[in-house]
Amino acid sequence: MSLPPESREEAIARLTKSASDLETRTTPRISQEMAGHAAASQAWKIIADLLGGVFVGLALGWVFDYFTGASPVGLIGGVLLGFAVSVWMAWRTAQRLMAEANKYGEPTSVPFDDEDEGA
């Protein structure tokens, strides 16, 4: 028993619906817990960038002071340079995260809960 012939528009509509159903089934869904872990890992990355930049600048300043004998200049300059670089790296990471978040549309607002939980 053969199927009745369908028009071109009906076939395109049926295929479009099948494709959207397939995309819905195959799109990975991230749980709220996993999204929270991903956000926390990005926050730790930003903190590590901030601290790492300062410590690397401190170490490079100490090496500069050790070889040149200009005692506090290298440490102060290294810390300031390391701080500037680490702030720039943290800003760049935050911009990348915001661009990724904006890809999925405007986030929905969470309503404010001013009631006490225990009362």
# chains A, B, ... in the order shown; residues from 1 in each chain; ligands from 1
$ residues_around --residues "A:Ala39" --least-positions-apart "6" --cutoff "12 Å" --atoms "only C-alpha atoms" --output "list in words"
Gln32, Glu33, Lys45, Ile46, Ala94, Leu97, Met98 and Ala101 of chain A
$ write_last_selection --atoms "N, CA and C atoms" --output "compact mmCIF listing (two decimals), in the first residue's frame"
# COMPACT_ATOMS: atom_id res chain seq x y z
N GLN A 32 20.86 22.77 35.88
CA GLN A 32 21.22 23.97 36.62
C GLN A 32 22.47 23.73 37.47
N GLU A 33 22.61 22.52 37.97
CA GLU A 33 23.80 22.21 38.77
C GLU A 33 25.06 22.28 37.91
N LYS A 45 38.81 30.70 37.35
CA LYS A 45 39.79 31.02 36.31
C LYS A 45 40.15 32.50 36.36
N ILE A 46 39.14 33.35 36.55
CA ILE A 46 39.41 34.79 36.63
C ILE A 46 40.24 35.10 37.86
N ALA A 94 36.03 38.01 30.92
CA ALA A 94 34.66 38.44 31.21
C ALA A 94 33.94 38.85 29.92
N LEU A 97 32.93 35.67 28.09
CA LEU A 97 31.80 35.04 28.74
C LEU A 97 30.50 35.79 28.46
N MET A 98 30.55 37.12 28.45
CA MET A 98 29.37 37.91 28.14
C MET A 98 28.93 37.70 26.69
N ALA A 101 27.16 34.41 26.60
CA ALA A 101 25.85 34.49 27.24
C ALA A 101 24.86 35.24 26.35
$ residues_around --residues "A:Asp49" --least-positions-apart "3" --cutoff "10 Å" --atoms "only C-alpha atoms" --output "list in words"
Ala43, Trp44, Lys45, Ile46, Gly52, Gly53, Val54, Phe55, Phe83, Val85, Ser86, Val87, Trp88, Met89, Ala90 and Thr93 of chain A
$ write_last_selection --atoms "C-alpha atoms" --output "PDB file, in the first residue's frame"
ATOM      1  CA  ALA A  43      35.075  32.533  38.315  1.00  0.00           C
ATOM      2  CA  TRP A  44      38.013  30.516  39.651  1.00  0.00           C
ATOM      3  CA  LYS A  45      39.793  31.016  36.312  1.00  0.00           C
ATOM      4  CA  ILE A  46      39.405  34.788  36.627  1.00  0.00           C
ATOM      5  CA  GLY A  52      48.882  34.617  38.811  1.00  0.00           C
ATOM      6  CA  GLY A  53      49.583  37.870  37.036  1.00  0.00           C
ATOM      7  CA  VAL A  54      50.593  39.579  40.258  1.00  0.00           C
ATOM      8  CA  PHE A  55      52.830  36.695  41.361  1.00  0.00           C
ATOM      9  CA  PHE A  83      48.525  43.604  38.154  1.00  0.00           C
ATOM     10  CA  VAL A  85      48.248  42.404  32.816  1.00  0.00           C
ATOM     11  CA  SER A  86      46.087  40.299  35.139  1.00  0.00           C
ATOM     12  CA  VAL A  87      43.267  42.881  35.113  1.00  0.00           C
ATOM     13  CA  TRP A  88      43.425  42.947  31.309  1.00  0.00           C
ATOM     14  CA  MET A  89      43.256  39.130  31.165  1.00  0.00           C
ATOM     15  CA  ALA A  90      40.298  39.051  33.580  1.00  0.00           C
ATOM     16  CA  THR A  93      37.717  36.572  29.929  1.00  0.00           C
TER      17      THR A  93
END
$ residues_around --residues "stretch 56-61 of chain A" --least-positions-apart "2" --cutoff "6 Å" --atoms "only C-alpha atoms" --output "list of chain:residue names"
A:Gly52, A:Gly53, A:Val54, A:Val63, A:Phe64, A:Gly74, A:Leu75, A:Gly78, A:Val79, A:Gly82
$ atom_distance --atom1 "atom CA of A:Ala38" --atom2 "atom CA of A:Arg96"
14.1 Å
$ decode --residues "stretch 71-84 of chain A" --atoms "N, CA, C and O atoms" --output "PDB file, in the first residue's frame"
ATOM      1  N   SER A  71      67.221  47.668  43.844  1.00  0.00           N
ATOM      2  CA  SER A  71      66.425  46.894  44.788  1.00  0.00           C
ATOM      3  C   SER A  71      64.902  47.039  44.703  1.00  0.00           C
ATOM      4  O   SER A  71      64.242  46.103  44.329  1.00  0.00           O
ATOM      5  N   PRO A  72      64.293  48.152  45.045  1.00  0.00           N
ATOM      6  CA  PRO A  72      62.828  48.086  45.067  1.00  0.00           C
ATOM      7  C   PRO A  72      62.174  48.372  43.711  1.00  0.00           C
ATOM      8  O   PRO A  72      60.985  48.132  43.542  1.00  0.00           O
ATOM      9  N   VAL A  73      62.928  48.872  42.771  1.00  0.00           N
ATOM     10  CA  VAL A  73      62.339  49.294  41.493  1.00  0.00           C
ATOM     11  C   VAL A  73      61.744  48.106  40.734  1.00  0.00           C
ATOM     12  O   VAL A  73      60.626  48.178  40.224  1.00  0.00           O
ATOM     13  N   GLY A  74      62.459  47.024  40.672  1.00  0.00           N
ATOM     14  CA  GLY A  74      61.977  45.854  39.942  1.00  0.00           C
ATOM     15  C   GLY A  74      60.746  45.237  40.592  1.00  0.00           C
ATOM     16  O   GLY A  74      59.805  44.848  39.899  1.00  0.00           O
ATOM     17  N   LEU A  75      60.753  45.126  41.926  1.00  0.00           N
ATOM     18  CA  LEU A  75      59.598  44.553  42.615  1.00  0.00           C
ATOM     19  C   LEU A  75      58.350  45.401  42.423  1.00  0.00           C
ATOM     20  O   LEU A  75      57.274  44.884  42.093  1.00  0.00           O
ATOM     21  N   ILE A  76      58.506  46.693  42.610  1.00  0.00           N
ATOM     22  CA  ILE A  76      57.344  47.580  42.471  1.00  0.00           C
ATOM     23  C   ILE A  76      56.857  47.587  41.027  1.00  0.00           C
ATOM     24  O   ILE A  76      55.655  47.454  40.755  1.00  0.00           O
ATOM     25  N   GLY A  77      57.766  47.731  40.106  1.00  0.00           N
ATOM     26  CA  GLY A  77      57.381  47.727  38.686  1.00  0.00           C
ATOM     27  C   GLY A  77      56.792  46.392  38.258  1.00  0.00           C
ATOM     28  O   GLY A  77      55.819  46.350  37.503  1.00  0.00           O
ATOM     29  N   GLY A  78      57.363  45.298  38.745  1.00  0.00           N
ATOM     30  CA  GLY A  78      56.852  43.977  38.391  1.00  0.00           C
ATOM     31  C   GLY A  78      55.447  43.741  38.922  1.00  0.00           C
ATOM     32  O   GLY A  78      54.595  43.198  38.225  1.00  0.00           O
ATOM     33  N   VAL A  79      55.206  44.155  40.164  1.00  0.00           N
ATOM     34  CA  VAL A  79      53.872  43.982  40.740  1.00  0.00           C
ATOM     35  C   VAL A  79      52.853  44.833  39.984  1.00  0.00           C
ATOM     36  O   VAL A  79      51.753  44.364  39.654  1.00  0.00           O
ATOM     37  N   LEU A  80      53.215  46.069  39.687  1.00  0.00           N
ATOM     38  CA  LEU A  80      52.285  46.935  38.957  1.00  0.00           C
ATOM     39  C   LEU A  80      52.023  46.415  37.547  1.00  0.00           C
ATOM     40  O   LEU A  80      50.871  46.396  37.082  1.00  0.00           O
ATOM     41  N   LEU A  81      53.068  45.993  36.880  1.00  0.00           N
ATOM     42  CA  LEU A  81      52.895  45.448  35.534  1.00  0.00           C
ATOM     43  C   LEU A  81      52.096  44.139  35.571  1.00  0.00           C
ATOM     44  O   LEU A  81      51.193  43.927  34.755  1.00  0.00           O
ATOM     45  N   GLY A  82      52.399  43.281  36.537  1.00  0.00           N
ATOM     46  CA  GLY A  82      51.654  42.035  36.676  1.00  0.00           C
ATOM     47  C   GLY A  82      50.193  42.273  36.997  1.00  0.00           C
ATOM     48  O   GLY A  82      49.305  41.593  36.468  1.00  0.00           O
ATOM     49  N   PHE A  83      49.904  43.276  37.841  1.00  0.00           N
ATOM     50  CA  PHE A  83      48.525  43.604  38.154  1.00  0.00           C
ATOM     51  C   PHE A  83      47.792  44.118  36.927  1.00  0.00           C
ATOM     52  O   PHE A  83      46.649  43.720  36.658  1.00  0.00           O
ATOM     53  N   ALA A  84      48.445  44.978  36.154  1.00  0.00           N
ATOM     54  CA  ALA A  84      47.817  45.515  34.945  1.00  0.00           C
ATOM     55  C   ALA A  84      47.517  44.405  33.941  1.00  0.00           C
ATOM     56  O   ALA A  84      46.431  44.354  33.354  1.00  0.00           O
TER      57      ALA A  84
END
